[in-house]
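Source file: work.cif. Holds: mmCIF, C-alpha atoms.
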```
data_run
loop_
_atom_site.label_atom_id
_atom_site.label_comp_id
_atom_site.auth_asym_id
_atom_site.auth_seq_id
_atom_site.Cartn_x
_atom_site.Cartn_y
_atom_site.Cartn_z
CA MET A 1 -67.14 -158.84 -107.35
CA LYS A 2 -68.95 -156.30 -109.52
CA LYS A 3 -67.22 -153.43 -107.69
CA SER A 4 -63.81 -155.03 -108.20
CA LEU A 5 -64.44 -155.45 -111.92
CA LEU A 6 -65.53 -151.82 -112.15
CA THR A 7 -62.34 -150.66 -110.41
CA LEU A 8 -60.19 -152.72 -112.77
CA ALA A 9 -62.06 -151.34 -115.78
CA ALA A 10 -61.54 -147.75 -114.62
CA LEU A 11 -57.87 -148.44 -113.99
CA ALA A 12 -57.53 -149.98 -117.45
CA MET A 13 -59.06 -146.87 -119.02
CA ALA A 14 -57.19 -144.31 -116.96
CA ALA A 15 -53.70 -145.78 -116.71
CA PRO A 16 -52.65 -145.44 -120.39
CA LEU A 17 -54.12 -141.95 -120.48
CA LEU A 18 -52.35 -140.84 -117.32
CA LEU A 19 -49.04 -142.42 -118.32
CA ALA A 20 -49.18 -140.69 -121.70
CA SER A 21 -49.85 -137.37 -119.99
CA GLY A 22 -47.06 -137.84 -117.44
CA LEU A 23 -49.56 -137.81 -114.61
CA VAL A 24 -48.48 -141.04 -112.92
CA ARG A 25 -45.24 -142.77 -112.12
CA SER A 26 -46.55 -146.26 -112.90
CA ALA A 27 -49.66 -148.12 -114.08
CA ASP A 28 -50.36 -149.11 -110.49
CA ALA A 29 -53.00 -146.95 -108.79
CA SER A 30 -50.66 -146.54 -105.81
CA GLY A 31 -48.23 -144.69 -108.06
CA TYR A 32 -50.65 -141.97 -109.10
CA SER A 33 -49.61 -138.37 -108.62
CA PRO A 34 -52.21 -136.13 -106.89
CA ARG A 35 -53.51 -135.12 -110.32
CA GLY A 36 -53.56 -138.73 -111.46
CA GLN A 37 -55.53 -139.81 -108.44
CA LEU A 38 -58.25 -137.22 -109.16
CA VAL A 39 -58.40 -138.19 -112.84
CA TYR A 40 -58.70 -141.83 -111.82
CA GLN A 41 -61.62 -140.98 -109.53
CA ILE A 42 -63.39 -139.07 -112.31
CA VAL A 43 -62.93 -141.83 -114.89
CA ARG A 44 -63.98 -144.53 -112.43
CA LYS A 45 -67.05 -142.56 -111.33
CA TRP A 46 -68.33 -141.27 -114.68
CA GLY A 47 -67.04 -143.75 -117.27
CA PRO A 48 -69.86 -146.26 -116.60
CA HIS A 49 -72.39 -143.38 -116.67
CA VAL A 50 -71.16 -142.33 -120.12
CA GLN A 51 -71.56 -145.89 -121.38
CA GLU A 52 -74.98 -146.41 -119.83
CA ALA A 53 -76.57 -143.02 -120.45
CA TYR A 54 -75.02 -142.16 -123.80
CA ARG A 55 -74.08 -145.60 -125.12
CA ALA A 56 -70.61 -144.33 -125.83
CA ASP A 57 -67.39 -146.26 -125.40
CA MET A 58 -65.83 -145.47 -122.02
CA ASN A 59 -62.28 -145.74 -123.36
CA ALA A 60 -63.01 -143.32 -126.18
CA TRP A 61 -64.55 -140.84 -123.74
CA ALA A 62 -61.52 -141.06 -121.41
CA ARG A 63 -59.14 -140.45 -124.32
CA GLN A 64 -61.18 -137.47 -125.56
CA MET A 65 -61.10 -135.94 -122.08
CA GLY A 66 -57.31 -136.38 -121.85
CA PRO A 67 -56.36 -132.77 -122.75
CA ILE A 68 -58.89 -131.42 -120.26
CA PHE A 69 -57.62 -133.69 -117.47
CA ALA A 70 -54.04 -132.61 -118.19
CA LYS A 71 -54.70 -128.85 -118.25
CA SER A 72 -57.45 -128.35 -115.67
CA PRO A 73 -56.44 -126.69 -112.36
CA MET A 74 -56.28 -129.05 -109.40
CA ASN A 75 -59.24 -127.36 -107.69
CA ALA A 76 -61.33 -127.89 -110.85
CA LEU A 77 -60.40 -131.58 -110.91
CA GLN A 78 -61.35 -131.86 -107.24
CA ARG A 79 -64.76 -130.29 -107.91
CA ALA A 80 -65.25 -132.66 -110.84
CA ALA A 81 -64.34 -135.67 -108.70
CA ASP A 82 -66.78 -134.52 -105.99
CA ALA A 83 -69.60 -133.60 -108.41
CA ARG A 84 -72.97 -135.26 -107.78
CA ASP A 85 -74.15 -135.18 -111.39
CA PHE A 86 -72.60 -135.38 -114.83
CA ASP A 87 -73.39 -131.77 -115.79
CA ALA A 88 -71.73 -130.45 -112.64
CA MET A 89 -68.65 -132.55 -113.42
CA ASN A 90 -68.44 -131.06 -116.95
CA ASP A 91 -69.00 -127.53 -115.65
CA ALA A 92 -66.18 -127.92 -113.13
CA LEU A 93 -63.73 -129.05 -115.83
CA LEU A 94 -64.79 -126.23 -118.17
CA GLY A 95 -64.15 -123.66 -115.46
CA LYS A 96 -67.71 -122.35 -115.31
CA ALA A 97 -68.11 -122.53 -111.54
CA THR A 98 -66.67 -120.31 -108.84
CA ALA A 99 -66.92 -120.56 -105.09
CA GLN A 100 -70.30 -118.86 -105.33
CA GLY A 101 -71.33 -120.88 -108.39
CA GLN A 102 -71.34 -117.77 -110.59
CA ILE A 103 -69.18 -116.54 -113.42
CA VAL A 104 -67.16 -113.50 -112.36
CA PRO A 105 -66.26 -111.17 -115.25
CA SER A 106 -62.85 -109.56 -115.32
CA ALA A 107 -62.69 -105.80 -114.88
CA ILE A 108 -60.79 -104.04 -117.66
CA GLY A 109 -59.52 -100.56 -116.90
CA ASN A 110 -60.89 -98.02 -114.49
CA LEU A 111 -63.78 -95.82 -115.65
CA GLY A 112 -62.99 -93.33 -112.92
CA ALA A 113 -59.32 -92.90 -113.77
CA ASP A 114 -58.55 -94.11 -117.30
CA LEU A 115 -59.04 -91.69 -120.19
CA THR A 116 -59.16 -92.20 -123.96
CA PHE A 117 -57.00 -90.01 -126.20
CA VAL A 118 -58.58 -88.49 -129.32
CA PRO A 119 -56.08 -86.88 -131.75
CA ILE A 120 -57.29 -84.06 -134.02
CA ALA A 121 -55.84 -81.77 -136.66
CA PRO A 122 -54.17 -78.82 -134.89
CA CYS A 123 -56.63 -76.00 -134.20
CA ARG A 124 -56.14 -72.64 -132.52
CA ILE A 125 -58.14 -72.18 -129.35
CA LEU A 126 -56.50 -69.01 -127.97
CA ASP A 127 -54.34 -66.06 -129.09
CA THR A 128 -53.90 -63.13 -126.71
CA ARG A 129 -52.56 -60.97 -129.54
CA ILE A 130 -56.11 -60.97 -130.98
CA ALA A 131 -58.27 -61.12 -127.86
CA GLY A 132 -57.61 -60.23 -124.24
CA GLY A 133 -54.14 -58.71 -124.55
CA ALA A 134 -50.90 -59.92 -123.01
CA ILE A 135 -50.93 -61.86 -119.76
CA PRO A 136 -49.43 -59.51 -117.14
CA ALA A 137 -46.28 -60.36 -115.20
CA ASN A 138 -47.04 -62.70 -112.30
CA GLY A 139 -50.60 -62.86 -113.63
CA THR A 140 -53.09 -65.56 -114.58
CA ARG A 141 -55.55 -65.82 -117.46
CA ASP A 142 -58.43 -68.30 -117.67
CA PHE A 143 -59.48 -70.01 -120.90
CA ASP A 144 -62.24 -72.28 -122.22
CA VAL A 145 -61.38 -75.58 -123.95
CA SER A 146 -64.59 -77.64 -123.89
CA SER A 147 -68.25 -76.85 -124.60
CA VAL A 148 -67.33 -74.10 -127.04
CA THR A 149 -68.94 -73.57 -130.45
CA ASP A 150 -66.64 -70.70 -131.49
CA TYR A 151 -63.17 -69.96 -130.04
CA SER A 152 -62.86 -66.50 -131.60
CA PHE A 153 -63.84 -64.78 -128.32
CA GLN A 154 -60.39 -65.73 -126.96
CA GLY A 155 -58.54 -65.24 -130.25
CA GLY A 156 -58.97 -68.76 -131.60
CA SER A 157 -60.72 -70.34 -134.56
CA ALA A 158 -64.25 -69.26 -135.41
CA SER A 159 -65.36 -72.92 -135.11
CA ASN A 160 -65.60 -75.74 -132.57
CA CYS A 161 -62.10 -76.91 -133.58
CA ASN A 162 -62.89 -80.19 -135.34
CA GLY A 163 -65.52 -81.16 -132.79
CA VAL A 164 -63.51 -80.45 -129.64
CA GLY A 165 -66.08 -78.00 -128.37
CA ALA A 166 -68.93 -80.46 -128.86
CA VAL A 167 -67.66 -83.59 -127.06
CA GLY A 168 -68.67 -82.49 -123.57
CA ALA A 169 -66.42 -82.75 -120.52
CA ILE A 170 -62.72 -83.18 -121.33
CA GLY A 171 -60.35 -84.54 -118.71
CA ALA A 172 -57.14 -83.26 -120.29
CA ALA A 173 -55.86 -81.73 -123.53
CA MET A 174 -52.69 -81.76 -125.59
CA ILE A 175 -51.93 -78.13 -126.40
CA ASN A 176 -48.99 -76.62 -128.26
CA PHE A 177 -48.29 -73.35 -126.41
CA THR A 178 -46.31 -70.56 -128.09
CA VAL A 179 -44.95 -67.72 -125.96
CA VAL A 180 -44.55 -64.52 -127.99
CA THR A 181 -42.04 -61.77 -127.02
CA PRO A 182 -42.13 -61.97 -123.19
CA GLY A 183 -40.69 -58.98 -121.32
CA THR A 184 -38.04 -60.99 -119.43
CA ALA A 185 -36.93 -64.57 -118.92
CA GLY A 186 -39.45 -66.79 -117.17
CA TYR A 187 -42.04 -69.47 -117.73
CA ILE A 188 -45.73 -70.23 -118.07
CA THR A 189 -47.66 -72.95 -116.26
CA ALA A 190 -51.01 -74.33 -117.49
CA TYR A 191 -53.24 -76.14 -114.99
CA PRO A 192 -56.93 -76.88 -114.23
CA TYR A 193 -59.15 -73.86 -113.66
CA GLN A 194 -59.49 -73.07 -109.93
CA GLY A 195 -56.93 -75.78 -109.15
CA ALA A 196 -53.67 -75.41 -107.26
CA ARG A 197 -50.89 -74.13 -109.54
CA PRO A 198 -48.10 -76.75 -109.78
CA LEU A 199 -44.43 -75.87 -109.53
CA ALA A 200 -43.64 -77.41 -112.92
CA SER A 201 -43.55 -75.18 -116.01
CA SER A 202 -45.27 -75.75 -119.36
CA VAL A 203 -42.94 -73.49 -121.39
CA ASN A 204 -39.66 -71.83 -120.35
CA TYR A 205 -38.66 -68.66 -122.21
CA ALA A 206 -36.05 -65.91 -122.43
CA GLY A 207 -36.82 -62.22 -122.84
CA GLY A 208 -38.05 -61.42 -126.37
CA ASP A 209 -38.36 -65.12 -127.30
CA ILE A 210 -40.87 -66.75 -129.62
CA VAL A 211 -40.78 -70.29 -128.30
CA ASN A 212 -43.25 -73.18 -128.13
CA ASN A 213 -43.74 -76.48 -126.35
CA LEU A 214 -46.31 -79.28 -126.49
CA ALA A 215 -47.88 -79.85 -123.08
CA MET A 216 -50.53 -82.16 -121.68
CA VAL A 217 -52.81 -80.14 -119.42
CA ALA A 218 -55.38 -81.49 -116.98
CA LEU A 219 -58.64 -79.54 -117.23
CA ASP A 220 -61.46 -78.69 -114.87
CA ALA A 221 -64.28 -81.01 -115.99
CA SER A 222 -67.03 -79.37 -113.91
CA ALA A 223 -69.67 -76.94 -115.15
CA ALA A 224 -67.39 -73.99 -114.32
CA SER A 225 -67.13 -71.08 -116.75
CA SER A 226 -63.52 -71.94 -117.72
CA ASP A 227 -61.47 -75.13 -118.00
CA MET A 228 -57.82 -74.00 -117.85
CA SER A 229 -55.73 -71.33 -116.18
CA VAL A 230 -52.32 -70.12 -117.41
CA TYR A 231 -49.82 -68.36 -115.16
CA SER A 232 -46.92 -66.32 -116.57
CA PHE A 233 -43.84 -65.10 -114.69
CA ALA A 234 -43.27 -62.22 -117.13
CA GLN A 235 -45.68 -60.23 -119.26
CA THR A 236 -46.21 -62.08 -122.51
CA HIS A 237 -48.56 -62.91 -125.35
CA LEU A 238 -49.64 -66.54 -125.64
CA VAL A 239 -50.94 -68.68 -128.48
CA GLY A 240 -52.48 -72.15 -127.95
CA ASP A 241 -53.19 -74.83 -130.58
CA ILE A 242 -55.00 -77.99 -129.46
CA VAL A 243 -53.87 -81.24 -131.12
CA GLY A 244 -55.86 -83.77 -129.10
CA TYR A 245 -57.86 -84.39 -125.94
CA PHE A 246 -58.62 -87.05 -123.33
CA ILE A 247 -62.16 -88.08 -122.46
CA ALA A 248 -63.73 -90.70 -120.20
CA PRO A 249 -64.02 -94.05 -122.01
CA THR A 250 -67.40 -95.03 -123.39
CA PRO A 251 -68.32 -98.67 -122.59
CA THR A 252 -69.01 -100.60 -125.80
CA ALA A 253 -70.25 -104.14 -126.32
CA LEU A 254 -67.95 -106.84 -127.63
CA GLN A 255 -68.22 -107.65 -131.32
CA CYS A 256 -68.97 -111.37 -131.52
CA THR A 257 -69.58 -113.92 -134.22
CA THR A 258 -70.21 -117.68 -134.28
CA VAL A 259 -68.43 -120.14 -136.55
CA GLN A 260 -69.55 -123.75 -137.07
CA THR A 261 -68.59 -127.09 -138.53
CA ILE A 262 -71.38 -129.41 -139.78
CA SER A 263 -70.56 -133.11 -140.04
CA THR A 264 -72.40 -136.38 -140.59
CA MET A 265 -72.42 -138.94 -137.77
CA ASN A 266 -73.09 -142.54 -138.77
CA GLY A 267 -75.94 -144.48 -137.23
CA SER A 268 -75.27 -146.28 -133.92
CA ALA A 269 -71.86 -144.66 -133.69
CA SER A 270 -69.87 -142.09 -131.77
CA PHE A 271 -68.29 -139.06 -133.36
CA THR A 272 -65.90 -136.29 -132.31
CA GLY A 273 -66.36 -132.95 -134.06
CA THR A 274 -64.17 -129.86 -134.01
CA SER A 275 -65.14 -126.24 -134.64
CA PRO A 276 -63.36 -124.03 -137.17
CA SER A 277 -60.83 -121.46 -136.00
CA CYS A 278 -62.08 -117.98 -135.17
CA PRO A 279 -61.66 -115.26 -137.82
CA ALA A 280 -58.48 -113.19 -137.69
CA GLY A 281 -58.57 -110.71 -134.83
CA TYR A 282 -61.19 -112.66 -132.86
CA THR A 283 -60.66 -114.78 -129.73
CA LYS A 284 -62.63 -117.91 -128.85
CA THR A 285 -64.80 -117.22 -125.80
CA GLY A 286 -66.95 -120.36 -125.76
CA GLY A 287 -68.59 -123.10 -127.77
CA TYR A 288 -71.45 -125.58 -127.86
CA CYS A 289 -72.74 -128.64 -129.67
CA GLN A 290 -75.95 -129.63 -131.46
CA ALA A 291 -77.25 -132.88 -132.93
CA ALA A 292 -79.94 -132.74 -135.63
CA GLY A 293 -81.90 -135.77 -134.38
CA ASN A 294 -83.54 -136.52 -131.05
CA ALA A 295 -81.44 -139.68 -130.81
CA GLY A 296 -78.23 -137.66 -130.92
CA ARG A 297 -76.51 -137.17 -127.59
CA VAL A 298 -73.71 -134.81 -126.57
CA VAL A 299 -71.30 -136.79 -124.42
CA ALA A 300 -68.73 -134.05 -123.86
CA SER A 301 -68.25 -130.40 -124.84
CA TYR A 302 -64.93 -128.72 -124.12
CA PRO A 303 -62.36 -126.20 -125.40
CA ASN A 304 -59.26 -127.57 -127.11
CA GLY A 305 -56.78 -124.75 -127.53
CA LEU A 306 -58.11 -122.32 -130.13
CA LEU A 307 -60.91 -124.71 -131.12
CA HIS A 308 -63.99 -126.23 -129.49
CA GLN A 309 -64.62 -129.97 -129.52
CA CYS A 310 -67.73 -132.09 -129.00
CA VAL A 311 -68.17 -135.82 -128.51
CA PHE A 312 -71.49 -137.15 -129.85
CA THR A 313 -73.17 -140.53 -129.82
CA ASN A 314 -76.00 -141.64 -132.12
CA GLU A 315 -78.61 -143.89 -130.51
CA SER A 316 -80.37 -144.31 -133.85
CA PRO A 317 -79.30 -146.58 -136.72
CA THR A 318 -79.86 -143.64 -139.04
CA ALA A 319 -77.06 -141.15 -139.80
CA MET A 320 -77.59 -137.56 -138.72
CA GLN A 321 -75.90 -134.19 -138.92
CA VAL A 322 -74.06 -132.75 -135.92
CA THR A 323 -72.75 -129.21 -135.50
CA VAL A 324 -69.89 -127.83 -133.42
CA TYR A 325 -69.97 -124.09 -132.74
CA ALA A 326 -67.28 -121.72 -131.50
CA GLU A 327 -68.19 -118.28 -130.20
CA CYS A 328 -65.58 -115.68 -131.17
CA CYS A 329 -65.34 -112.10 -129.86
CA ARG A 330 -63.13 -109.05 -130.18
CA LEU A 331 -62.94 -105.56 -128.76
CA PRO A 332 -64.57 -103.05 -131.12
CA GLY A 333 -62.16 -101.42 -133.55
CA ARG A 334 -59.55 -104.16 -133.40
#
```

Encoding of this model in structure tokens:
Amino acid sequence: MKKSLLTLAALAMAAPLLLASGLVRSADASGYSPRGQLVYQIVRKWGPHVQEAYRADMNAWARQMGPIFAKSPMNALQRAADARDFDAMNDALLGKATAQGQIVPSAIGNLGADLTFVPIAPCRILDTRIAGGAIPANGTRDFDVSSVTDYSFQGGSASNCNGVGAVGAIGAAMINFTVVTPGTAGYITAYPYQGARPLASSVNYAGGDIVNNLAMVALDASAASSDMSVYSFAQTHLVGDIVGYFIAPTPTALQCTTVQTISTMNGSASFTGTSPSCPAGYTKTGGYCQAAGNAGRVVASYPNGLLHQCVFTNESPTAMQVTVYAECCRLPGR
């Protein structure tokens, strides 16, 4: 008899909730959709526990959990229905568990392949009219781009070019090449030092031209004496101005902050609190709940869209303060 009454009570709690969420076809348990059947199992299993352990109204708890039941993946609902304790049920619905029981962070980018672009004010790093002389026809000249304190040895600026020479290994550079009075029509090709020369050209020119082009050039990032080689079909002078470079990304920690809402919960009562929204530019990454008194209990803690919500119950006749926190994070610089 007691079991039958319990089943009817769970059905009474779950049916309006499931109907409102479109999770069942009728108020009869036999009409539950697969999602509705799992929600029914959870409410039937844990509703009495909520009432007994936290002295909270089972109907109120079921209604508060409605958005979570409606949005949780089916596998999360199944884990919640199969959970052996109340904490495991909550963790399953909040998406904290994986097949191995651990949180798996998402990988962003590829440290081995992705590069970060750093623009700079244009700065001359080479000029064969000042140092080295013209590049001979069908010849190659090697140049330094990184780890340089003074570019004047290859006709460039007597400086490190706005910090370019001090950043360490550079994966690639944006260089504006100017070909000056080549002997005949042809082209130049810039490529990594000691690398295979590609078939593509960096600048095409006619005899006697003064012509330029902005090119992105991959560089040799080893400890070699040079970083870049330039091939020319015809004899020509060459000028190079760097306008930016690409370096390996530097991992940085998230910038995080916590926002909170403090409320008063009446004695011998239940209360639902909601966190504030995150500051502009931040994204909610989590949340938690805290009651000021030992008699305060957290019945449920869950995300609700951009906010975090907590359901409290007060086992004391005395009012107490309760706090709902939302953890908010952003990528540095955004």

Report task. Evaluate the PyMOL selection byres ((chain A and resi 166) around 8) and record the selected residues as a list in words, following the chain and residue labels used in the document. Result -> Ser146, Ser147, Val148, Thr149, Asn160, Gly163, Val164, Gly165, Val167 and Gly168 of chain A

So how far away is atom CA of Ser33 of chain A from atom CA of His308 of chain A, in Å?
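Between atom CA of His308 of chain A and atom CA of Ser33 of chain A the gap is 28.1 Å.
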
Residue with the minimum atom-to-atom distance to Asn213 of chain A, picked from A:Ser301, A:Asn176, A:Thr189, A:Thr236 with all atoms listed in the file counted, is A:Asn176

**Report entry** Surrounding residues of Thr274 of chain A excluding itself and chain neighbours under 3 positions, 9 Å, all atoms listed in the file, as a list in words
**Finding:** Gln260, Thr261, Asn304, Leu307, His308, Gln309, Cys310, Thr323, Val324 and Tyr325 of chain A

Taking 2 positions as the minimum chain separation for residues in the same chain, which residues sit within 7 Å of Ser202 of chain A when counting only C-alpha atoms? Answer as a list in words.
Ile188, Thr189, Ala190, Ala200, Asn204 and Ala215 of chain A

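Considering all atoms listed in the file, the residue among A:Leu306, A:Ile68, A:Cys278, A:Ala218 positioned nearest to Leu115 of chain A is A:Ala218.
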
>> With the PyMOL selection byres ((chain A and resi 141) around 12) as the selection, what would be picked from this file? Answer as a PyMOL selection string, please.
In response: chain A and resi 126-128+131-140+142-144+154+188-194+226-232+235-238

Could you list the residues chosen by the PyMOL selection byres ((chain A and resi 185) around 8) in this structure as an MDAnalysis selection string?
chainID A and resid 182:184 186:187 204:207 234

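Between Gly286 of chain A and the candidates A:Thr318, A:Ser159, A:Thr258, A:Ser268, the tightest atom-to-atom separation, counting only C-alpha atoms, involves A:Thr258.
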
**Prompt:** A:Thr264, A:Ser222, A:Gln41, A:Gln51: which is nearest Arg79 of chain A, counting all atoms listed in the file?
**Reply:**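 So, comparing all the options, the nearest one is A:Gln41.
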
Of A:Val179, A:Cys328, A:Ala280, A:Cys161, the one sitting nearest Gln255 of chain A when using all atoms listed in the file is A:Cys328

To one decimal place in Å, what is the distance between atom CA of Phe271 of chain A and atom CA of Met320 of chain A?
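Computed distance, atom CA of Phe271 of chain A to atom CA of Met320 of chain A, equals 10.8 Å.
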
Between A:Ala53, A:Val43, A:Met58, A:Cys123, smallest distance to Ala81 of chain A by only C-alpha atoms belongs to A:Val43

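One finds atom CA of Trp46 of chain A at 7.3 Å from atom CA of Phe86 of chain A.
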
Residues near Ile210 of chain A, anyone? I mean within 8 Å using only C-alpha atoms, not counting same-chain ones fewer than 6 positions away, as an NGL selection string. :A and (178-181)

Spatial sel., origin (-77.7, -150.0, -139.9), limit 12 Å, all atoms listed in the file, listed as a list of chain:residue names
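Those residues lying close to the given coordinates are A:Asn266, A:Gly267, A:Ser268, A:Ala269, A:Asn314, A:Glu315, A:Ser316, A:Pro317, A:Thr318, A:Ala319.
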
Next item on the list: For Ser270 of chain A, please output as a list in words all residues within 7 Å (counting only C-alpha atoms; exclusion window: fewer than 2 positions along the same chain).
Entry: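 Returned residues: Ala56, Phe312, Thr313 and Asn314 of chain A.
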
Within 8 Å of Ile120 of chain A using all atoms listed in the file, minus same-chain residues under 5 positions, as an mmCIF file with C-alpha atoms, in the coordinates of the input:
```cif
data_model
loop_
_atom_site.group_PDB
_atom_site.id
_atom_site.type_symbol
_atom_site.label_atom_id
_atom_site.label_comp_id
_atom_site.auth_asym_id
_atom_site.auth_seq_id
_atom_site.Cartn_x
_atom_site.Cartn_y
_atom_site.Cartn_z
ATOM 1 C CA ASN A 162 -62.890 -80.190 -135.340
ATOM 2 C CA ILE A 242 -55.000 -77.990 -129.460
ATOM 3 C CA VAL A 243 -53.870 -81.240 -131.120
ATOM 4 C CA GLY A 244 -55.860 -83.770 -129.100
#
```

Emit a file covering segment 227-234 of chain A of the preceding structure with all heavy atoms, as a PDB file, in the first residue's frame.
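Ended up saving to decode-v6.pdb:
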```pdb
ATOM      1  N   ASP A 227      67.586  33.356 -41.197  1.00  0.00           N
ATOM      2  CA  ASP A 227      66.188  32.926 -41.092  1.00  0.00           C
ATOM      3  C   ASP A 227      65.509  32.796 -42.451  1.00  0.00           C
ATOM      4  O   ASP A 227      64.559  32.034 -42.605  1.00  0.00           O
ATOM      5  CB  ASP A 227      65.384  33.943 -40.259  1.00  0.00           C
ATOM      6  CG  ASP A 227      66.012  34.219 -38.924  1.00  0.00           C
ATOM      7  OD1 ASP A 227      66.167  33.265 -38.158  1.00  0.00           O
ATOM      8  OD2 ASP A 227      66.343  35.394 -38.642  1.00  0.00           O
ATOM      9  N   MET A 228      65.988  33.601 -43.441  1.00  0.00           N
ATOM     10  CA  MET A 228      65.272  33.705 -44.716  1.00  0.00           C
ATOM     11  C   MET A 228      66.269  33.757 -45.870  1.00  0.00           C
ATOM     12  O   MET A 228      67.336  34.374 -45.768  1.00  0.00           O
ATOM     13  CB  MET A 228      64.423  34.983 -44.705  1.00  0.00           C
ATOM     14  CG  MET A 228      63.718  35.308 -46.004  1.00  0.00           C
ATOM     15  SD  MET A 228      62.749  36.846 -45.877  1.00  0.00           S
ATOM     16  CE  MET A 228      64.065  38.082 -45.752  1.00  0.00           C
ATOM     17  N   SER A 229      65.886  33.105 -46.954  1.00  0.00           N
ATOM     18  CA  SER A 229      66.660  33.186 -48.192  1.00  0.00           C
ATOM     19  C   SER A 229      65.801  33.849 -49.260  1.00  0.00           C
ATOM     20  O   SER A 229      64.574  33.669 -49.285  1.00  0.00           O
ATOM     21  CB  SER A 229      67.089  31.790 -48.668  1.00  0.00           C
ATOM     22  OG  SER A 229      67.944  31.174 -47.713  1.00  0.00           O
ATOM     23  N   VAL A 230      66.446  34.620 -50.157  1.00  0.00           N
ATOM     24  CA  VAL A 230      65.737  35.262 -51.260  1.00  0.00           C
ATOM     25  C   VAL A 230      66.455  34.931 -52.567  1.00  0.00           C
ATOM     26  O   VAL A 230      67.664  35.204 -52.714  1.00  0.00           O
ATOM     27  CB  VAL A 230      65.644  36.794 -51.079  1.00  0.00           C
ATOM     28  CG1 VAL A 230      64.929  37.419 -52.274  1.00  0.00           C
ATOM     29  CG2 VAL A 230      64.918  37.142 -49.787  1.00  0.00           C
ATOM     30  N   TYR A 231      65.705  34.337 -53.482  1.00  0.00           N
ATOM     31  CA  TYR A 231      66.231  34.014 -54.814  1.00  0.00           C
ATOM     32  C   TYR A 231      65.767  35.082 -55.792  1.00  0.00           C
ATOM     33  O   TYR A 231      64.629  35.554 -55.719  1.00  0.00           O
ATOM     34  CB  TYR A 231      65.728  32.648 -55.263  1.00  0.00           C
ATOM     35  CG  TYR A 231      65.919  32.387 -56.743  1.00  0.00           C
ATOM     36  CD1 TYR A 231      67.121  31.901 -57.237  1.00  0.00           C
ATOM     37  CD2 TYR A 231      64.887  32.654 -57.646  1.00  0.00           C
ATOM     38  CE1 TYR A 231      67.305  31.676 -58.598  1.00  0.00           C
ATOM     39  CE2 TYR A 231      65.059  32.429 -59.008  1.00  0.00           C
ATOM     40  CZ  TYR A 231      66.266  31.945 -59.479  1.00  0.00           C
ATOM     41  OH  TYR A 231      66.439  31.737 -60.837  1.00  0.00           O
ATOM     42  N   SER A 232      66.645  35.457 -56.747  1.00  0.00           N
ATOM     43  CA  SER A 232      66.248  36.389 -57.806  1.00  0.00           C
ATOM     44  C   SER A 232      66.617  35.829 -59.170  1.00  0.00           C
ATOM     45  O   SER A 232      67.744  35.340 -59.377  1.00  0.00           O
ATOM     46  CB  SER A 232      66.919  37.753 -57.615  1.00  0.00           C
ATOM     47  OG  SER A 232      66.493  38.654 -58.630  1.00  0.00           O
ATOM     48  N   PHE A 233      65.692  35.936 -60.115  1.00  0.00           N
ATOM     49  CA  PHE A 233      65.936  35.457 -61.483  1.00  0.00           C
ATOM     50  C   PHE A 233      66.945  36.348 -62.197  1.00  0.00           C
ATOM     51  O   PHE A 233      67.824  35.869 -62.913  1.00  0.00           O
ATOM     52  CB  PHE A 233      64.613  35.432 -62.248  1.00  0.00           C
ATOM     53  CG  PHE A 233      64.748  34.976 -63.663  1.00  0.00           C
ATOM     54  CD1 PHE A 233      64.811  33.631 -63.983  1.00  0.00           C
ATOM     55  CD2 PHE A 233      64.837  35.906 -64.708  1.00  0.00           C
ATOM     56  CE1 PHE A 233      64.948  33.214 -65.302  1.00  0.00           C
ATOM     57  CE2 PHE A 233      64.973  35.492 -66.028  1.00  0.00           C
ATOM     58  CZ  PHE A 233      65.029  34.140 -66.316  1.00  0.00           C
ATOM     59  N   ALA A 234      66.810  37.670 -61.999  1.00  0.00           N
ATOM     60  CA  ALA A 234      67.730  38.621 -62.624  1.00  0.00           C
ATOM     61  C   ALA A 234      68.513  39.347 -61.541  1.00  0.00           C
ATOM     62  O   ALA A 234      68.117  39.371 -60.376  1.00  0.00           O
ATOM     63  CB  ALA A 234      66.957  39.622 -63.480  1.00  0.00           C
TER      64      ALA A 234
END
```
